[in-house]
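Engineer: I am sharing work_11.txt, which consists of compact mmCIF, C-alpha atoms:
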# COMPACT_ATOMS: atom_id res chain seq x y z
CA CYS A 1 61.91 -32.42 34.06
CA GLY A 2 63.75 -33.42 30.89
CA VAL A 3 64.62 -31.57 27.73
CA PHE A 4 62.67 -28.58 26.52
CA GLY A 5 59.28 -29.66 25.19
CA ASP A 6 58.95 -32.55 27.64
CA THR A 7 57.55 -30.49 30.51
CA PRO A 8 54.07 -31.36 31.80
CA SER A 9 52.72 -28.10 30.32
CA ALA A 10 54.11 -28.97 26.88
CA ILE A 11 52.66 -32.47 27.10
CA VAL A 12 49.24 -31.06 27.97
CA LYS A 13 49.30 -28.92 24.84
CA LYS A 14 50.26 -31.98 22.78
CA ALA A 15 47.40 -33.95 24.36
CA TYR A 16 44.81 -31.31 23.50
CA ALA A 17 46.20 -31.00 19.98
CA ALA A 18 45.90 -34.78 19.53
CA ALA A 19 42.30 -34.70 20.77
CA ASP A 20 41.48 -31.84 18.41
CA LYS A 21 42.82 -33.92 15.48
CA GLY A 22 41.06 -37.07 16.66
CA ASP A 23 44.43 -38.83 17.03
CA THR A 24 43.74 -41.39 19.76
CA LYS A 25 47.09 -43.12 19.30
CA ALA A 26 49.04 -39.89 19.87
CA LEU A 27 46.95 -39.04 22.94
CA PHE A 28 47.39 -42.48 24.50
CA ALA A 29 51.18 -42.30 23.92
CA LEU A 30 51.24 -39.35 26.35
CA MET A 31 49.54 -41.38 29.11
CA SER A 32 50.92 -43.94 31.51
CA PRO A 33 50.17 -47.51 30.37
CA GLU A 34 47.78 -48.00 33.31
CA THR A 35 45.86 -44.82 32.49
CA ALA A 36 45.64 -45.67 28.79
CA GLU A 37 44.20 -49.08 29.67
CA LYS A 38 41.73 -47.58 32.15
CA VAL A 39 40.34 -44.95 29.77
CA ALA A 40 40.32 -47.13 26.63
CA PRO A 41 36.60 -47.98 26.95
CA TYR A 42 35.81 -44.27 27.15
CA ALA A 43 38.31 -43.08 24.52
CA ALA A 44 35.74 -41.52 22.20
CA LYS A 45 34.08 -39.58 25.01
CA LEU A 46 37.44 -38.42 26.38
CA MET A 47 38.56 -37.21 22.95
CA GLN A 48 35.27 -35.37 22.47
CA SER A 49 35.51 -33.75 25.90
CA LEU A 50 39.09 -32.55 25.43
CA ALA A 51 38.42 -31.26 21.94
CA ALA A 52 35.36 -29.35 23.18
CA GLN A 53 37.47 -27.62 25.85
CA ILE A 54 39.64 -26.01 23.17
CA GLY A 55 36.82 -25.13 20.81
CA SER A 56 36.13 -21.59 19.67
CA ASN A 57 35.09 -20.55 23.18
CA GLY A 58 37.61 -22.61 25.13
CA ALA A 59 41.07 -22.11 23.63
CA ILE A 60 43.91 -22.49 26.14
CA VAL A 61 45.27 -19.10 27.16
CA LYS A 62 47.07 -20.06 30.36
CA THR A 63 48.78 -23.10 31.86
CA GLU A 64 49.95 -23.31 35.47
CA GLU A 65 52.40 -26.03 36.39
CA GLN A 66 53.48 -27.54 39.68
CA ILE A 67 56.07 -30.27 40.15
CA ALA A 68 56.80 -32.16 43.38
CA GLY A 69 59.37 -34.89 42.84
CA ASP A 70 57.87 -37.59 40.64
CA VAL A 71 54.36 -36.10 40.51
CA ALA A 72 53.09 -32.97 38.81
CA ALA A 73 49.90 -31.18 37.83
CA VAL A 74 48.97 -28.66 35.17
CA ARG A 75 46.01 -26.36 35.61
CA ILE A 76 44.56 -25.04 32.35
CA THR A 77 42.50 -21.90 31.92
CA GLN A 78 40.47 -21.34 28.75
CA LYS A 79 39.23 -18.09 27.21
CA ASN A 80 35.79 -18.60 28.67
CA GLY A 81 37.28 -18.74 32.19
CA GLY A 82 36.80 -22.49 32.57
CA THR A 83 39.56 -24.50 34.20
CA SER A 84 40.65 -28.12 34.13
CA LEU A 85 43.41 -30.15 35.75
CA VAL A 86 45.77 -32.78 34.35
CA SER A 87 47.88 -34.94 36.70
CA PHE A 88 51.25 -36.51 35.90
CA GLU A 89 53.67 -39.09 37.22
CA LYS A 90 57.21 -39.97 36.17
CA VAL A 91 57.23 -43.28 34.25
CA GLY A 92 60.63 -44.49 33.11
CA GLY A 93 62.03 -41.02 33.68
CA LYS A 94 59.40 -39.34 31.49
CA TRP A 95 56.31 -37.40 32.45
CA LYS A 96 53.11 -39.30 31.65
CA ILE A 97 49.48 -38.25 32.10
CA VAL A 98 47.70 -40.26 34.80
CA ASP A 99 44.39 -38.41 35.08
CA PHE A 100 42.26 -35.67 33.54
CA ASN A 101 40.09 -33.34 35.64
CA SER A 102 41.32 -35.02 38.81
CA ARG A 103 41.77 -33.82 42.34
CA LEU A 104 45.22 -32.50 43.21
CA PRO A 105 47.85 -35.26 43.48
CA PRO A 106 49.77 -35.80 46.73
CA ARG A 107 52.31 -33.05 47.50
CA ILE A 108 50.63 -30.68 45.04
CA SER A 109 49.02 -27.64 46.69
CA GLU A 110 46.37 -25.26 45.42
CA ASP A 111 48.61 -22.22 45.89
CA GLY A 112 51.81 -23.71 44.45
CA PHE A 113 51.18 -23.30 40.73
CA THR A 114 53.44 -21.16 38.55
CA SER A 115 51.87 -19.71 35.44
CA SER A 116 52.71 -19.22 31.80
CA GLY A 117 50.67 -17.06 29.48
CA LYS A 118 48.24 -14.32 30.28
CA ALA A 119 45.33 -14.90 32.63
CA PRO A 120 41.85 -14.12 31.28
CA ALA A 121 39.96 -11.09 32.52
CA SER A 122 37.22 -13.18 34.15
CA ARG A 123 37.28 -16.47 36.07
CA VAL A 124 34.66 -18.96 37.13
CA ARG A 125 34.58 -20.33 40.64
CA VAL A 126 34.97 -24.09 41.14
CA THR A 127 33.74 -25.72 44.35
CA THR A 128 33.41 -29.32 45.47
CA PHE A 129 29.78 -30.38 45.54
CA ALA A 130 30.39 -33.87 46.95
CA GLY A 131 33.17 -36.36 47.54
CA GLY A 132 36.78 -36.31 48.66
CA GLU A 133 39.05 -39.26 49.33
CA GLU A 134 38.61 -42.44 47.28
CA GLY A 135 36.28 -44.94 48.91
CA TYR A 136 32.61 -45.49 49.59
CA ALA A 137 30.42 -43.56 52.00
CA ASP A 138 27.07 -41.82 51.84
CA GLY A 139 26.82 -38.48 53.57
CA SER A 140 26.64 -34.74 53.13
CA GLY A 141 28.95 -33.00 50.65
CA THR A 142 32.61 -33.78 51.20
CA GLU A 143 31.76 -36.41 53.83
CA ALA A 144 30.70 -38.69 50.96
CA ARG A 145 33.16 -40.96 49.15
CA PHE A 146 33.26 -42.13 45.53
CA ASP A 147 35.59 -44.42 43.57
CA ARG A 148 36.28 -43.27 40.00
CA PRO A 149 32.88 -41.73 39.20
CA THR A 150 32.58 -41.64 35.40
CA GLU A 151 29.37 -39.78 34.52
CA ILE A 152 26.58 -37.64 35.94
CA ALA A 153 23.05 -36.71 34.93
CA ALA A 154 20.46 -34.39 36.49
CA ASP A 155 16.67 -34.57 36.70
CA LYS A 156 14.19 -31.70 36.52
CA SER A 157 14.16 -31.39 40.33
CA GLY A 158 17.89 -30.70 40.48
CA ASN A 159 18.93 -34.10 41.79
CA VAL A 160 22.22 -35.37 40.36
CA TYR A 161 22.87 -39.04 39.61
CA VAL A 162 26.38 -40.48 39.47
CA ALA A 163 27.75 -43.62 37.86
CA ASP A 164 30.14 -44.61 40.65
CA ASN A 165 32.18 -46.96 38.50
CA GLY A 166 34.69 -48.23 41.03
CA ASN A 167 32.02 -48.88 43.64
CA ASN A 168 29.59 -50.53 41.19
CA ARG A 169 26.83 -48.30 42.50
CA ILE A 170 24.54 -45.54 41.28
CA ARG A 171 24.57 -42.59 43.65
CA LYS A 172 22.08 -39.75 44.08
CA ILE A 173 22.95 -36.24 45.23
CA THR A 174 20.19 -33.85 46.29
CA PRO A 175 20.41 -30.12 45.47
CA LYS A 176 21.69 -29.61 49.04
CA GLY A 177 24.56 -32.05 48.51
CA MET A 178 23.25 -35.07 50.42
CA VAL A 179 24.65 -38.26 48.86
CA THR A 180 22.79 -41.57 49.04
CA THR A 181 23.05 -44.87 47.19
CA LEU A 182 20.18 -45.22 44.75
CA ALA A 183 21.07 -48.73 43.62
CA GLY A 184 23.85 -51.31 43.69
CA SER A 185 25.28 -53.62 46.34
CA GLY A 186 28.88 -52.63 45.70
CA LYS A 187 29.86 -56.11 44.55
CA ALA A 188 30.48 -56.51 40.83
CA GLY A 189 27.88 -58.79 39.28
CA TYR A 190 24.47 -58.86 37.71
CA ALA A 191 21.13 -58.80 39.50
CA ASP A 192 17.92 -56.84 39.15
CA GLY A 193 16.16 -55.80 42.32
CA SER A 194 15.35 -52.94 44.62
CA GLY A 195 18.08 -50.56 45.77
CA THR A 196 21.12 -52.35 47.16
CA GLU A 197 19.75 -55.75 46.11
CA ALA A 198 20.72 -54.91 42.53
CA ARG A 199 24.21 -55.48 41.13
CA PHE A 200 26.18 -53.72 38.42
CA ASP A 201 29.54 -54.39 36.82
CA ARG A 202 31.43 -51.17 36.03
CA PRO A 203 28.50 -48.84 35.30
CA THR A 204 30.00 -46.19 33.04
CA GLU A 205 27.36 -43.77 31.76
CA ILE A 206 24.03 -42.52 33.01
CA ALA A 207 21.00 -40.56 31.81
CA ALA A 208 17.73 -39.37 33.34
CA ASP A 209 14.35 -38.86 31.68
CA LYS A 210 11.61 -36.34 32.41
CA SER A 211 9.81 -38.82 34.68
CA GLY A 212 12.82 -39.24 36.96
CA ASN A 213 13.85 -42.68 35.68
CA VAL A 214 17.59 -43.27 35.44
CA TYR A 215 19.22 -45.31 32.68
CA VAL A 216 22.63 -46.93 33.09
CA SER A 217 25.14 -48.33 30.61
CA ASP A 218 26.19 -51.40 32.60
CA ASN A 219 29.45 -51.85 30.72
CA GLY A 220 30.68 -55.07 32.30
CA ASN A 221 27.31 -56.77 31.99
CA ASN A 222 26.65 -55.60 28.40
CA ARG A 223 23.22 -54.44 29.46
CA ILE A 224 21.17 -51.26 29.69
CA ARG A 225 19.55 -50.96 33.09
CA LYS A 226 16.62 -48.83 34.22
CA ILE A 227 16.15 -47.47 37.74
CA THR A 228 12.80 -46.03 38.82
CA PRO A 229 12.62 -43.02 41.19
CA LYS A 230 12.03 -45.54 44.00
CA GLY A 231 15.24 -47.38 43.19
CA VAL A 232 13.83 -50.48 41.49
CA VAL A 233 16.36 -51.79 38.97
CA THR A 234 15.34 -53.75 35.87
CA THR A 235 17.11 -54.76 32.67
CA LEU A 236 15.86 -52.69 29.77
CA ALA A 237 17.92 -54.41 27.08
CA GLY A 238 20.93 -56.64 26.51
CA GLY A 239 22.41 -59.85 27.83
CA GLU A 240 25.40 -61.81 26.62
CA GLU A 241 28.20 -59.94 24.85
CA GLY A 242 27.71 -59.73 21.09
CA TYR A 243 25.69 -57.94 18.49
CA ALA A 244 22.00 -58.41 17.84
CA ASP A 245 18.98 -56.17 17.47
CA GLY A 246 15.80 -57.39 19.08
CA SER A 247 13.36 -56.87 21.89
CA GLY A 248 14.66 -56.34 25.41
CA THR A 249 17.03 -59.07 26.52
CA GLU A 250 17.13 -60.56 23.03
CA ALA A 251 19.38 -57.65 22.02
CA ARG A 252 23.16 -57.88 22.38
CA PHE A 253 25.74 -55.18 23.15
CA ASP A 254 29.52 -55.14 23.43
CA ARG A 255 30.71 -52.80 26.20
CA PRO A 256 28.00 -50.13 25.95
CA ASN A 257 29.15 -46.68 27.02
CA GLY A 258 27.41 -43.37 26.29
CA ILE A 259 23.69 -43.14 26.90
CA ALA A 260 21.07 -40.43 26.41
CA ALA A 261 17.29 -40.12 26.67
CA ASP A 262 15.17 -37.89 24.42
CA LYS A 263 11.91 -36.17 25.32
CA SER A 264 9.90 -38.95 23.65
CA GLY A 265 11.40 -41.61 25.89
CA ASN A 266 13.79 -43.15 23.36
CA ILE A 267 17.19 -44.23 24.66
CA TYR A 268 20.36 -43.95 22.59
CA VAL A 269 23.50 -45.95 23.35
CA THR A 270 27.06 -45.84 22.02
CA ASP A 271 27.84 -49.53 21.57
CA PHE A 272 31.62 -49.24 21.90
CA GLY A 273 32.70 -52.77 20.95
CA ASN A 274 30.29 -52.99 18.03
CA ASN A 275 31.08 -49.53 16.60
CA ARG A 276 27.37 -48.74 16.47
CA ILE A 277 24.85 -46.30 17.86
CA ARG A 278 21.83 -48.19 19.13
CA LYS A 279 18.30 -46.94 19.74
CA ILE A 280 15.95 -48.41 22.32
CA GLY A 281 12.40 -47.31 21.59
CA LYS A 282 9.09 -47.89 23.23
Please go through the file and, once you have read it, give me the structure as structure tokens.
Structural biologist:
Amino acid sequence: CGVFGDTPSAIVKKAYAAADKGDTKALFALMSPETAEKVAPYAAKLMQSLAAQIGSNGAIVKTEEQIAGDVAAVRITQKNGGTSLVSFEKVGGKWKIVDFNSRLPPRISEDGFTSSGKAPASRVRVTTFAGGEEGYADGSGTEARFDRPTEIAADKSGNVYVADNGNNRIRKITPKGMVTTLAGSGKAGYADGSGTEARFDRPTEIAADKSGNVYVSDNGNNRIRKITPKGVVTTLAGGEEGYADGSGTEARFDRPNGIAADKSGNIYVTDFGNNRIRKIGK
């Protein structure tokens, strides 16, 4: 696996250190070119997530590594008992990160990890709520299929909503794990409408308000979409790529990403390409 310091475990520690320092360039240098390109639109959120994992309550105390030919995985345990997974592939003879918090790569088994460091006294239990192989299928629990889901949000009834980025759909999971498609035809594009009549283009982030409405950062369409509890999709704001404040579709965004709703019904958006935080008020 190369000279000392180039092991997957060592690279993971470098990656978390880069995130803690806010050094995006250093973090991306540890990834495969394809992965770096894929996560570029979500770089700020990824950096924030990784840095949070090694905060005062999440410092890395144990890494477990498993290598199988040209693939590898490192399982990380933090002080608070939380775990995360980083997957690797050999690129040009060097280990490169290909995914964070992913499922186990091919040829990597759950019981094949070797550890370094001391395990914490307590552990949390991780289970799969829904999903399995890459693809698209509604169904119960692991019968369902997703393609690169990027964000989740929950409503007050315990339903979970998923931005299923690769499938260009918004999925809904009931508290019992039943997965259905709330909105989206599956074909990349733009269209308002009811349920599967609507179209999205790489929906990246999602939020839910107290009334059960779901808000979506429709990254590829540069729009903010709203979905009612009955699955009716409308465009809340945005249109052509650019920058402009204004009412509804008069406003312009450039690759909107993060989205949140406050208790007063205001929507906040990280406007990635414009380096701005936007507010959509009533």
Engineer: I'd like the contact shell of A:Lys176 - 9 Å cut-off, all atoms listed in the file, skipping same-chain residues fewer than 4 positions apart - returned as a list in words.
Structural biologist: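 The contact residues come out as Phe129, Ser140, Gly141 and Asn159 of chain A.
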Engineer: Kindly provide the residues of stretch 202-254 of chain A that approach stretch 35-41 of chain A to within 12 Å, each paired with its closest atom pair and their distance in Å to one decimal, based on all atoms listed in the file, listed by chain and increasing number, as a Markdown table.
Structural biologist:
| residue | atom | partner | partner_atom | distance |
| --- | --- | --- | --- | --- |
| A:Arg202 | CA | A:Pro41 | CA | 10.9 |
| A:Pro203 | CA | A:Pro41 | CA | 11.7 |
| A:Thr204 | CA | A:Pro41 | CA | 9.2 |
| A:Glu205 | CA | A:Pro41 | CA | 11.2 |
| A:Asn219 | CA | A:Pro41 | CA | 9.0 |
| A:Gly220 | CA | A:Pro41 | CA | 10.7 |
| A:Asp254 | CA | A:Pro41 | CA | 10.7 |
Engineer: How many Å separate atom CA of A:Thr128 from atom CA of A:Ala144?
Structural biologist: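 Rounded to one decimal, the two atoms are 11.2 Å apart.
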Engineer: What is the atom CA of A:Val12 to atom CA of A:Glu34 distance in Å?
Structural biologist: 17.8 Å
Engineer: Which of these residues is nearest to A:Thr234, using all atoms listed in the file: A:Asn165, A:Ser194, A:Ser211, A:Thr77?
Structural biologist: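 Looking only at the distances to A:Thr234, the closest residue turns out to be A:Ser194.
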